[in-house]
Every structure is written in C-alpha cells, then in structure tokens.
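Student: Below is the file work-v7.pdb, with PDB, C-alpha atoms, pLDDT in the B column.
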```
MODEL        1
ATOM      1  CA  MET A 106       0.000   0.000   0.000  1.00 53.00           C
ATOM      2  CA  ALA A 107       1.345   3.385  -0.916  1.00 54.00           C
ATOM      3  CA  ALA A 108       0.195   6.916  -0.314  1.00 58.00           C
ATOM      4  CA  LYS A 109       0.812   9.934  -2.483  1.00 54.00           C
ATOM      5  CA  SER A 110       2.591  12.935  -1.073  1.00 58.00           C
ATOM      6  CA  SER A 111       3.892  16.109  -2.641  1.00 57.00           C
ATOM      7  CA  GLY A 112       7.216  14.326  -3.125  1.00 62.00           C
ATOM      8  CA  GLY A 113       5.751  11.255  -4.831  1.00 71.00           C
ATOM      9  CA  VAL A 114       4.561   7.856  -3.629  1.00 81.00           C
ATOM     10  CA  VAL A 115       5.339   6.832  -0.043  1.00 81.00           C
ATOM     11  CA  ASP A 116       5.655   3.164   0.944  1.00 87.00           C
ATOM     12  CA  LEU A 117       3.497   3.270   4.092  1.00 89.00           C
ATOM     13  CA  PRO A 118       4.201  -0.320   5.245  1.00 91.00           C
ATOM     14  CA  GLY A 119       7.914   0.391   4.806  1.00 92.00           C
ATOM     15  CA  PHE A 120       7.577   3.658   6.726  1.00 89.00           C
ATOM     16  CA  PHE A 121       5.755   1.821   9.514  1.00 91.00           C
ATOM     17  CA  ALA A 122       8.455  -0.880   9.665  1.00 94.00           C
ATOM     18  CA  ASP A 123      11.245   1.711   9.730  1.00 92.00           C
ATOM     19  CA  LEU A 124       9.498   3.788  12.392  1.00 91.00           C
ATOM     20  CA  VAL A 125       8.836   0.828  14.680  1.00 93.00           C
ATOM     21  CA  ARG A 126      12.314  -0.698  14.227  1.00 95.00           C
ATOM     22  CA  CYS A 127      14.007   2.662  14.886  1.00 92.00           C
ATOM     23  CA  GLU A 128      11.945   3.179  18.036  1.00 93.00           C
ATOM     24  CA  THR A 129      12.718  -0.347  19.253  1.00 95.00           C
ATOM     25  CA  ARG A 130      16.455  -0.040  18.630  1.00 95.00           C
ATOM     26  CA  LEU A 131      16.675   3.407  20.248  1.00 94.00           C
ATOM     27  CA  TYR A 132      14.628   2.226  23.227  1.00 95.00           C
ATOM     28  CA  ASN A 133      16.792  -0.875  23.674  1.00 96.00           C
ATOM     29  CA  ALA A 134      20.056   1.054  23.362  1.00 96.00           C
ATOM     30  CA  LEU A 135      18.909   3.629  25.921  1.00 96.00           C
ATOM     31  CA  ASN A 136      17.631   0.784  28.112  1.00 96.00           C
ATOM     32  CA  ASP A 137      21.120  -0.763  28.152  1.00 97.00           C
ATOM     33  CA  ARG A 138      22.797   2.554  29.039  1.00 97.00           C
ATOM     34  CA  LEU A 139      20.328   3.383  31.809  1.00 98.00           C
ATOM     35  CA  ARG A 140      20.507  -0.116  33.296  1.00 97.00           C
ATOM     36  CA  GLU A 141      24.307  -0.138  33.226  1.00 97.00           C
ATOM     37  CA  ARG A 142      24.759   3.332  34.722  1.00 97.00           C
ATOM     38  CA  HIS A 143      21.709   3.754  36.981  1.00 97.00           C
ATOM     39  CA  GLY A 144      20.105   0.350  37.526  1.00 96.00           C
ATOM     40  CA  ILE A 145      16.849   1.330  35.810  1.00 96.00           C
ATOM     41  CA  VAL A 146      15.292   0.671  32.428  1.00 95.00           C
ATOM     42  CA  THR A 147      13.871   3.154  29.938  1.00 95.00           C
ATOM     43  CA  SER A 148      10.250   2.638  30.981  1.00 94.00           C
ATOM     44  CA  GLN A 149      11.154   3.373  34.616  1.00 96.00           C
ATOM     45  CA  PHE A 150      13.104   6.463  33.594  1.00 97.00           C
ATOM     46  CA  GLU A 151      10.161   7.734  31.561  1.00 96.00           C
ATOM     47  CA  LEU A 152       7.745   7.242  34.471  1.00 97.00           C
ATOM     48  CA  LEU A 153      10.118   8.971  36.893  1.00 97.00           C
ATOM     49  CA  ARG A 154      10.670  11.860  34.499  1.00 97.00           C
ATOM     50  CA  PHE A 155       6.913  12.278  33.998  1.00 97.00           C
ATOM     51  CA  LEU A 156       6.371  12.381  37.769  1.00 97.00           C
ATOM     52  CA  ARG A 157       9.196  14.881  38.179  1.00 97.00           C
ATOM     53  CA  ASP A 158       7.629  17.159  35.588  1.00 97.00           C
ATOM     54  CA  ARG A 159       4.023  16.654  36.766  1.00 95.00           C
ATOM     55  CA  PRO A 160       3.955  16.309  40.554  1.00 89.00           C
ATOM     56  CA  GLY A 161       0.684  14.957  41.894  1.00 91.00           C
ATOM     57  CA  ALA A 162      -0.089  12.856  38.818  1.00 95.00           C
ATOM     58  CA  ARG A 163      -2.229   9.748  39.165  1.00 95.00           C
ATOM     59  CA  VAL A 164      -1.670   6.275  37.729  1.00 94.00           C
ATOM     60  CA  ALA A 165      -4.422   7.080  35.200  1.00 92.00           C
ATOM     61  CA  ASP A 166      -2.433  10.139  34.056  1.00 93.00           C
ATOM     62  CA  LEU A 167       0.648   7.980  33.455  1.00 95.00           C
ATOM     63  CA  ALA A 168      -1.426   5.369  31.615  1.00 92.00           C
ATOM     64  CA  ALA A 169      -2.917   8.035  29.352  1.00 90.00           C
ATOM     65  CA  GLU A 170       0.451   9.634  28.594  1.00 91.00           C
ATOM     66  CA  PHE A 171       2.218   6.372  27.768  1.00 92.00           C
ATOM     67  CA  VAL A 172      -0.808   4.715  26.128  1.00 90.00           C
ATOM     68  CA  VAL A 173      -0.652   1.705  28.436  1.00 91.00           C
ATOM     69  CA  GLY A 174      -3.401   0.005  30.415  1.00 91.00           C
ATOM     70  CA  VAL A 175      -4.038   1.245  33.951  1.00 92.00           C
ATOM     71  CA  GLY A 176      -3.289  -2.195  35.439  1.00 92.00           C
ATOM     72  CA  ALA A 177       0.134  -2.440  33.796  1.00 93.00           C
ATOM     73  CA  THR A 178       0.911   1.144  34.767  1.00 94.00           C
ATOM     74  CA  SER A 179      -0.068   0.502  38.375  1.00 94.00           C
ATOM     75  CA  LYS A 180       2.270  -2.510  38.484  1.00 96.00           C
ATOM     76  CA  GLY A 181       5.083  -0.336  37.121  1.00 95.00           C
ATOM     77  CA  VAL A 182       4.413   2.247  39.836  1.00 96.00           C
ATOM     78  CA  ASP A 183       4.384  -0.570  42.422  1.00 96.00           C
ATOM     79  CA  ARG A 184       7.923  -1.506  41.330  1.00 96.00           C
ATOM     80  CA  LEU A 185       9.088   2.114  41.597  1.00 97.00           C
ATOM     81  CA  GLU A 186       7.476   2.365  45.021  1.00 97.00           C
ATOM     82  CA  LYS A 187       9.164  -0.866  46.159  1.00 97.00           C
ATOM     83  CA  GLN A 188      12.528   0.647  45.166  1.00 96.00           C
ATOM     84  CA  GLY A 189      11.780   3.718  47.273  1.00 97.00           C
ATOM     85  CA  TRP A 190      11.657   6.125  44.317  1.00 98.00           C
ATOM     86  CA  VAL A 191       7.927   6.932  44.376  1.00 97.00           C
ATOM     87  CA  VAL A 192       5.283   7.304  47.078  1.00 97.00           C
ATOM     88  CA  ARG A 193       1.510   7.173  46.796  1.00 95.00           C
ATOM     89  CA  GLN A 194      -0.312   9.893  48.698  1.00 94.00           C
ATOM     90  CA  PRO A 195      -4.051  10.161  49.352  1.00 91.00           C
ATOM     91  CA  ASN A 196      -5.937  12.146  46.737  1.00 90.00           C
ATOM     92  CA  PRO A 197      -8.043  14.682  48.656  1.00 89.00           C
ATOM     93  CA  SER A 198     -10.499  15.090  45.781  1.00 88.00           C
ATOM     94  CA  ASP A 199     -10.950  11.373  44.973  1.00 86.00           C
ATOM     95  CA  ARG A 200     -10.364   8.692  47.600  1.00 84.00           C
ATOM     96  CA  ARG A 201     -10.353   5.984  44.904  1.00 85.00           C
ATOM     97  CA  SER A 202      -7.043   7.212  43.487  1.00 86.00           C
ATOM     98  CA  SER A 203      -3.671   8.244  44.840  1.00 93.00           C
ATOM     99  CA  LEU A 204      -1.406  11.103  43.923  1.00 96.00           C
ATOM    100  CA  LEU A 205       2.134  10.077  43.042  1.00 97.00           C
ATOM    101  CA  ALA A 206       5.286  11.851  44.126  1.00 96.00           C
ATOM    102  CA  LEU A 207       8.977  11.231  43.733  1.00 97.00           C
ATOM    103  CA  THR A 208      10.987  10.602  46.861  1.00 97.00           C
ATOM    104  CA  ASP A 209      14.306  12.384  47.317  1.00 97.00           C
ATOM    105  CA  GLY A 210      15.988   9.228  46.010  1.00 97.00           C
ATOM    106  CA  GLY A 211      13.695   9.163  42.981  1.00 97.00           C
ATOM    107  CA  SER A 212      14.435  12.824  42.259  1.00 97.00           C
ATOM    108  CA  GLN A 213      18.178  12.247  42.491  1.00 98.00           C
ATOM    109  CA  LEU A 214      17.948   9.170  40.281  1.00 98.00           C
ATOM    110  CA  VAL A 215      15.949  10.859  37.518  1.00 98.00           C
ATOM    111  CA  GLU A 216      18.292  13.864  37.512  1.00 97.00           C
ATOM    112  CA  ALA A 217      21.358  11.632  37.163  1.00 97.00           C
ATOM    113  CA  ALA A 218      19.699   9.432  34.529  1.00 98.00           C
ATOM    114  CA  GLU A 219      18.537  12.461  32.504  1.00 97.00           C
ATOM    115  CA  LYS A 220      22.104  13.201  31.396  1.00 96.00           C
ATOM    116  CA  THR A 221      22.705   9.584  30.395  1.00 97.00           C
ATOM    117  CA  PHE A 222      19.430   9.582  28.445  1.00 97.00           C
ATOM    118  CA  THR A 223      20.052  12.908  26.684  1.00 95.00           C
ATOM    119  CA  ASP A 224      23.690  12.147  25.901  1.00 94.00           C
ATOM    120  CA  GLY A 225      22.670   8.706  24.621  1.00 94.00           C
ATOM    121  CA  LEU A 226      20.100  10.201  22.265  1.00 91.00           C
ATOM    122  CA  ALA A 227      22.658  12.691  20.987  1.00 90.00           C
ATOM    123  CA  VAL A 228      25.109   9.895  20.218  1.00 90.00           C
ATOM    124  CA  LEU A 229      22.504   7.613  18.652  1.00 89.00           C
ATOM    125  CA  ILE A 230      20.717  10.235  16.564  1.00 87.00           C
ATOM    126  CA  GLY A 231      23.046  13.220  16.291  1.00 80.00           C
ATOM    127  CA  ASP A 232      25.208  12.190  13.349  1.00 76.00           C
ATOM    128  CA  THR A 233      22.309  10.770  11.344  1.00 81.00           C
ATOM    129  CA  LEU A 234      19.689  13.467  11.814  1.00 79.00           C
ATOM    130  CA  ASN A 235      20.920  17.006  12.072  1.00 76.00           C
ATOM    131  CA  GLY A 236      19.772  20.469  11.147  1.00 76.00           C
ATOM    132  CA  SER A 237      16.854  20.522   8.744  1.00 80.00           C
ATOM    133  CA  SER A 238      16.464  16.719   8.558  1.00 81.00           C
ATOM    134  CA  ALA A 239      16.074  16.500  12.341  1.00 79.00           C
ATOM    135  CA  ALA A 240      13.619  19.398  12.386  1.00 83.00           C
ATOM    136  CA  ALA A 241      11.564  17.836   9.572  1.00 87.00           C
ATOM    137  CA  ALA A 242      11.488  14.451  11.321  1.00 85.00           C
ATOM    138  CA  VAL A 243      10.435  16.050  14.610  1.00 85.00           C
ATOM    139  CA  ARG A 244       7.645  18.000  12.906  1.00 90.00           C
ATOM    140  CA  ALA A 245       6.347  14.969  11.009  1.00 89.00           C
ATOM    141  CA  ILE A 246       6.327  12.608  13.987  1.00 90.00           C
ATOM    142  CA  SER A 247       4.868  15.283  16.271  1.00 91.00           C
ATOM    143  CA  LYS A 248       2.069  15.982  13.791  1.00 93.00           C
ATOM    144  CA  LEU A 249       1.300  12.273  13.418  1.00 91.00           C
ATOM    145  CA  ARG A 250       1.248  11.811  17.199  1.00 87.00           C
ATOM    146  CA  SER A 251      -1.069  14.822  17.625  1.00 90.00           C
ATOM    147  CA  VAL A 252      -3.577  13.477  15.100  1.00 91.00           C
ATOM    148  CA  LEU A 253      -3.539   9.994  16.650  1.00 90.00           C
ATOM    149  CA  GLU A 254      -4.002  11.423  20.159  1.00 87.00           C
ATOM    150  CA  ARG A 255      -6.680  13.921  19.148  1.00 89.00           C
ATOM    151  CA  ASN A 256      -8.686  11.117  17.521  1.00 88.00           C
ATOM    152  CA  GLN A 257      -7.923   8.715  20.398  1.00 85.00           C
ATOM    153  CA  ILE A 258      -6.493   6.162  18.001  1.00 88.00           C
ATOM    154  CA  GLY A 259      -4.662   3.254  19.621  1.00 86.00           C
ATOM    155  CA  THR A 260      -5.808   4.037  23.149  1.00 82.00           C
ATOM    156  CA  PRO A 261      -5.930   0.838  25.251  1.00 77.00           C
ATOM    157  CA  ALA A 262      -9.300  -0.253  26.568  1.00 71.00           C
ATOM    158  CA  GLY A 263      -8.169  -0.916  30.138  1.00 57.00           C
TER     159      GLY A 263
ENDMDL
END
```
Represent the supplied structure as structure tokens.
Tutor:
Amino acid sequence: MAAKSSGGVVDLPGFFADLVRCETRLYNALNDRLRERHGIVTSQFELLRFLRDRPGARVADLAAEFVVGVGATSKGVDRLEKQGWVVRQPNPSDRRSSLLALTDGGSQLVEAAEKTFTDGLAVLIGDTLNGSSAAAAVRAISKLRSVLERNQIGTPAG
C-alpha cells in the first residue's frame, strides 16, 4: 500500500516498519545505558521523568500519557514504590485514586539518569539526523502523534 505525497509515492508499510524498528532499537540502546549506569530501564526512567515534571499525577495520568493500560501502569508504579523512588499519597479530591510523588531518592535518580538519556540520544541520533532533517522528522512525527491522540487512536481499553 502506498500513499501519495507532494514528493511522490510513499511506501506506508515500509515507513511503519522503519518507524517501529528505529523506536525499538533506540529504546533498547537507551535501556542498556540506563541499566548499566543507573540500575533502571527506559520505561522506569520515563515514568520517573513524567512524575518529576508533573507532581501529583495519578496512575491514570501515566497510563494516558504512555498509552498503556491502567493495570500495567499501576504494576510499574508498584515496582518504583518498592525501590523507594515513588510514594503514593491520598488524593483529597478522589479517595479511589492516589497522587504520586517522587521521593528524594527518585528525584536524584531521575536527575542523574537524565544526562545519560540525553547524551545517549545525541550519540545515537546526532550524526544521522541534524539540522533541517532532524527538524523535519520532529515535525512529522509530532504531527502524526497529535492526530492519533486527538482522535484517540490506539488508546488501550483498560
């Protein structure tokens, strides 16, 4: 299946395969760096970074952001809590949910891991995508993500 664009025909299945394989390889490479240097994996780093940037988030907020089921997200938060990086606090406006907060250890961990993550991305992407090609890729992927999110495409049921 192909789609027409202003530059000609685009191989959409090929684009999909490239996009998914790039994401998987980048994720795995960053996973290895974060595990080696900080004892966490990419998914844990992303959850910690989200909680750093949005204090008082709920499990449902994490699930919505990362397009993962609430049950799986809650289990991930349980693991972070067991490590002492996150605490659940009562939600004064809804007793059925908890507000999540980083502990001091969680804050220190995410700050240290942020440099590893950012430097890793620069090494993995920097020489391949630079200048206008990087800006074009960012715009295209951001636009695609916005449309998918706006139309709630690919949102898990639970």
Student: What residues come out when you apply the PyMOL selection byres ((chain A and resi 153) around 8) to this file, written as number ranges by chain?
Tutor: A: 149-152, 154-157, 207, 211-212, 215
Student: Which residues fall under the PyMOL selection byres ((chain A and resi 130-135) around 12) in this file, as a ChimeraX atom specification?
Tutor: /A:123-129,136-143,145-151,218-230
Student: Name the residues captured by the PyMOL selection byres ((chain A and resi 238-254) around 12) when it is applied to the shown file; answer as JSON, numbers by chain.
Tutor: {"A": [120, 121, 124, 128, 169, 170, 171, 172, 227, 230, 231, 232, 233, 234, 235, 236, 237, 255, 256, 257, 258, 259, 260, 261]}
Student: Next, dump the selected residues to file, keeping only C-alpha atoms, as a CSV table (one decimal), keeping the file's coordinate frame.
Tutor:
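Listed below is the output, selection_29.csv:
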```
chain,number,residue,atom,x,y,z
A,120,PHE,CA,7.6,3.7,6.7
A,121,PHE,CA,5.8,1.8,9.5
A,124,LEU,CA,9.5,3.8,12.4
A,128,GLU,CA,11.9,3.2,18.0
A,169,ALA,CA,-2.9,8.0,29.4
A,170,GLU,CA,0.5,9.6,28.6
A,171,PHE,CA,2.2,6.4,27.8
A,172,VAL,CA,-0.8,4.7,26.1
A,227,ALA,CA,22.7,12.7,21.0
A,230,ILE,CA,20.7,10.2,16.6
A,231,GLY,CA,23.0,13.2,16.3
A,232,ASP,CA,25.2,12.2,13.3
A,233,THR,CA,22.3,10.8,11.3
A,234,LEU,CA,19.7,13.5,11.8
A,235,ASN,CA,20.9,17.0,12.1
A,236,GLY,CA,19.8,20.5,11.1
A,237,SER,CA,16.9,20.5,8.7
A,255,ARG,CA,-6.7,13.9,19.1
A,256,ASN,CA,-8.7,11.1,17.5
A,257,GLN,CA,-7.9,8.7,20.4
A,258,ILE,CA,-6.5,6.2,18.0
A,259,GLY,CA,-4.7,3.3,19.6
A,260,THR,CA,-5.8,4.0,23.1
A,261,PRO,CA,-5.9,0.8,25.3
```
Student: What's around range 185-199 of chain A at 7 Å? Count all atoms listed in the file, leave out sequence neighbours fewer than 4 positions away in its own chain, and write the answer as a VMD selection string.
Tutor: chain A and resid 181 203 to 208 210 to 211
Student: Grab the CA of Ser179 in chain A to CA of Val164 in chain A distance for me, in Å with one decimal place.
Tutor: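 Distance reported for this atom pair: 6.0 Å.
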Student: Will you model all heavy atoms for range 122-133 of chain A and pass it back as a PDB file, in the coordinates of the input?
Tutor:
```pdb
ATOM      1  N   ALA A 122       7.387   0.032   9.233  1.00 94.00           N
ATOM      2  CA  ALA A 122       8.455  -0.880   9.665  1.00 94.00           C
ATOM      3  C   ALA A 122       9.687  -0.100  10.119  1.00 94.00           C
ATOM      4  O   ALA A 122      10.267  -0.395  11.169  1.00 94.00           O
ATOM      5  CB  ALA A 122       8.818  -1.847   8.535  1.00 94.00           C
ATOM      6  N   ASP A 123      10.087   0.900   9.354  1.00 92.00           N
ATOM      7  CA  ASP A 123      11.245   1.711   9.730  1.00 92.00           C
ATOM      8  C   ASP A 123      11.006   2.443  11.050  1.00 92.00           C
ATOM      9  O   ASP A 123      11.872   2.481  11.921  1.00 92.00           O
ATOM     10  CB  ASP A 123      11.571   2.734   8.641  1.00 92.00           C
ATOM     11  CG  ASP A 123      12.182   2.120   7.400  1.00 92.00           C
ATOM     12  OD1 ASP A 123      12.609   0.940   7.456  1.00 92.00           O
ATOM     13  OD2 ASP A 123      12.231   2.816   6.368  1.00 92.00           O
ATOM     14  N   LEU A 124       9.834   3.029  11.185  1.00 91.00           N
ATOM     15  CA  LEU A 124       9.498   3.788  12.392  1.00 91.00           C
ATOM     16  C   LEU A 124       9.537   2.891  13.631  1.00 91.00           C
ATOM     17  O   LEU A 124      10.170   3.225  14.634  1.00 91.00           O
ATOM     18  CB  LEU A 124       8.114   4.421  12.231  1.00 91.00           C
ATOM     19  CG  LEU A 124       7.609   5.316  13.348  1.00 91.00           C
ATOM     20  CD1 LEU A 124       8.490   6.548  13.485  1.00 91.00           C
ATOM     21  CD2 LEU A 124       6.163   5.732  13.057  1.00 91.00           C
ATOM     22  N   VAL A 125       8.882   1.738  13.536  1.00 93.00           N
ATOM     23  CA  VAL A 125       8.836   0.828  14.680  1.00 93.00           C
ATOM     24  C   VAL A 125      10.218   0.273  14.993  1.00 93.00           C
ATOM     25  O   VAL A 125      10.624   0.216  16.162  1.00 93.00           O
ATOM     26  CB  VAL A 125       7.817  -0.308  14.424  1.00 93.00           C
ATOM     27  CG1 VAL A 125       7.917  -1.397  15.479  1.00 93.00           C
ATOM     28  CG2 VAL A 125       6.405   0.268  14.386  1.00 93.00           C
ATOM     29  N   ARG A 126      10.985  -0.120  13.975  1.00 95.00           N
ATOM     30  CA  ARG A 126      12.314  -0.698  14.227  1.00 95.00           C
ATOM     31  C   ARG A 126      13.273   0.343  14.803  1.00 95.00           C
ATOM     32  O   ARG A 126      14.087   0.046  15.666  1.00 95.00           O
ATOM     33  CB  ARG A 126      12.905  -1.315  12.968  1.00 95.00           C
ATOM     34  CG  ARG A 126      12.180  -2.478  12.315  1.00 95.00           C
ATOM     35  CD  ARG A 126      11.559  -3.502  13.251  1.00 95.00           C
ATOM     36  NE  ARG A 126      10.823  -4.518  12.517  1.00 95.00           N
ATOM     37  CZ  ARG A 126       9.524  -4.427  12.188  1.00 95.00           C
ATOM     38  NH1 ARG A 126       8.812  -3.385  12.485  1.00 95.00           N
ATOM     39  NH2 ARG A 126       8.926  -5.411  11.556  1.00 95.00           N
ATOM     40  N   CYS A 127      13.170   1.592  14.323  1.00 92.00           N
ATOM     41  CA  CYS A 127      14.007   2.662  14.886  1.00 92.00           C
ATOM     42  C   CYS A 127      13.664   2.872  16.353  1.00 92.00           C
ATOM     43  O   CYS A 127      14.559   2.962  17.205  1.00 92.00           O
ATOM     44  CB  CYS A 127      13.819   3.970  14.116  1.00 92.00           C
ATOM     45  SG  CYS A 127      14.637   4.030  12.530  1.00 92.00           S
ATOM     46  N   GLU A 128      12.371   2.966  16.645  1.00 93.00           N
ATOM     47  CA  GLU A 128      11.945   3.179  18.036  1.00 93.00           C
ATOM     48  C   GLU A 128      12.446   2.041  18.918  1.00 93.00           C
ATOM     49  O   GLU A 128      12.985   2.282  19.996  1.00 93.00           O
ATOM     50  CB  GLU A 128      10.410   3.278  18.105  1.00 93.00           C
ATOM     51  CG  GLU A 128       9.871   3.620  19.478  1.00 93.00           C
ATOM     52  CD  GLU A 128       9.668   2.427  20.395  1.00 93.00           C
ATOM     53  OE1 GLU A 128       9.539   1.290  19.907  1.00 93.00           O
ATOM     54  OE2 GLU A 128       9.635   2.641  21.627  1.00 93.00           O
ATOM     55  N   THR A 129      12.303   0.809  18.460  1.00 95.00           N
ATOM     56  CA  THR A 129      12.718  -0.347  19.253  1.00 95.00           C
ATOM     57  C   THR A 129      14.226  -0.330  19.500  1.00 95.00           C
ATOM     58  O   THR A 129      14.690  -0.536  20.625  1.00 95.00           O
ATOM     59  CB  THR A 129      12.307  -1.655  18.552  1.00 95.00           C
ATOM     60  OG1 THR A 129      10.886  -1.659  18.390  1.00 95.00           O
ATOM     61  CG2 THR A 129      12.730  -2.873  19.358  1.00 95.00           C
ATOM     62  N   ARG A 130      15.000  -0.051  18.460  1.00 95.00           N
ATOM     63  CA  ARG A 130      16.455  -0.040  18.630  1.00 95.00           C
ATOM     64  C   ARG A 130      16.922   1.101  19.534  1.00 95.00           C
ATOM     65  O   ARG A 130      17.800   0.923  20.373  1.00 95.00           O
ATOM     66  CB  ARG A 130      17.140   0.029  17.260  1.00 95.00           C
ATOM     67  CG  ARG A 130      17.022  -1.267  16.487  1.00 95.00           C
ATOM     68  CD  ARG A 130      17.655  -1.163  15.098  1.00 95.00           C
ATOM     69  NE  ARG A 130      17.529  -2.408  14.389  1.00 95.00           N
ATOM     70  CZ  ARG A 130      18.343  -3.449  14.540  1.00 95.00           C
ATOM     71  NH1 ARG A 130      19.351  -3.377  15.381  1.00 95.00           N
ATOM     72  NH2 ARG A 130      18.150  -4.560  13.838  1.00 95.00           N
ATOM     73  N   LEU A 131      16.321   2.282  19.372  1.00 94.00           N
ATOM     74  CA  LEU A 131      16.675   3.407  20.248  1.00 94.00           C
ATOM     75  C   LEU A 131      16.306   3.092  21.697  1.00 94.00           C
ATOM     76  O   LEU A 131      17.092   3.323  22.623  1.00 94.00           O
ATOM     77  CB  LEU A 131      15.982   4.694  19.795  1.00 94.00           C
ATOM     78  CG  LEU A 131      16.492   5.312  18.506  1.00 94.00           C
ATOM     79  CD1 LEU A 131      15.538   6.422  18.046  1.00 94.00           C
ATOM     80  CD2 LEU A 131      17.900   5.847  18.680  1.00 94.00           C
ATOM     81  N   TYR A 132      15.110   2.571  21.888  1.00 95.00           N
ATOM     82  CA  TYR A 132      14.628   2.226  23.227  1.00 95.00           C
ATOM     83  C   TYR A 132      15.554   1.206  23.879  1.00 95.00           C
ATOM     84  O   TYR A 132      15.958   1.359  25.035  1.00 95.00           O
ATOM     85  CB  TYR A 132      13.204   1.673  23.109  1.00 95.00           C
ATOM     86  CG  TYR A 132      12.386   1.763  24.368  1.00 95.00           C
ATOM     87  CD1 TYR A 132      11.593   2.878  24.619  1.00 95.00           C
ATOM     88  CD2 TYR A 132      12.374   0.734  25.297  1.00 95.00           C
ATOM     89  CE1 TYR A 132      10.814   2.969  25.754  1.00 95.00           C
ATOM     90  CE2 TYR A 132      11.603   0.814  26.436  1.00 95.00           C
ATOM     91  CZ  TYR A 132      10.818   1.926  26.664  1.00 95.00           C
ATOM     92  OH  TYR A 132      10.060   1.995  27.798  1.00 95.00           O
ATOM     93  N   ASN A 133      15.916   0.163  23.136  1.00 96.00           N
ATOM     94  CA  ASN A 133      16.792  -0.875  23.674  1.00 96.00           C
ATOM     95  C   ASN A 133      18.180  -0.338  24.000  1.00 96.00           C
ATOM     96  O   ASN A 133      18.768  -0.696  25.030  1.00 96.00           O
ATOM     97  CB  ASN A 133      16.894  -2.052  22.702  1.00 96.00           C
ATOM     98  CG  ASN A 133      15.607  -2.836  22.610  1.00 96.00           C
ATOM     99  OD1 ASN A 133      14.710  -2.725  23.446  1.00 96.00           O
ATOM    100  ND2 ASN A 133      15.486  -3.642  21.550  1.00 96.00           N
TER     101      ASN A 133
END
```
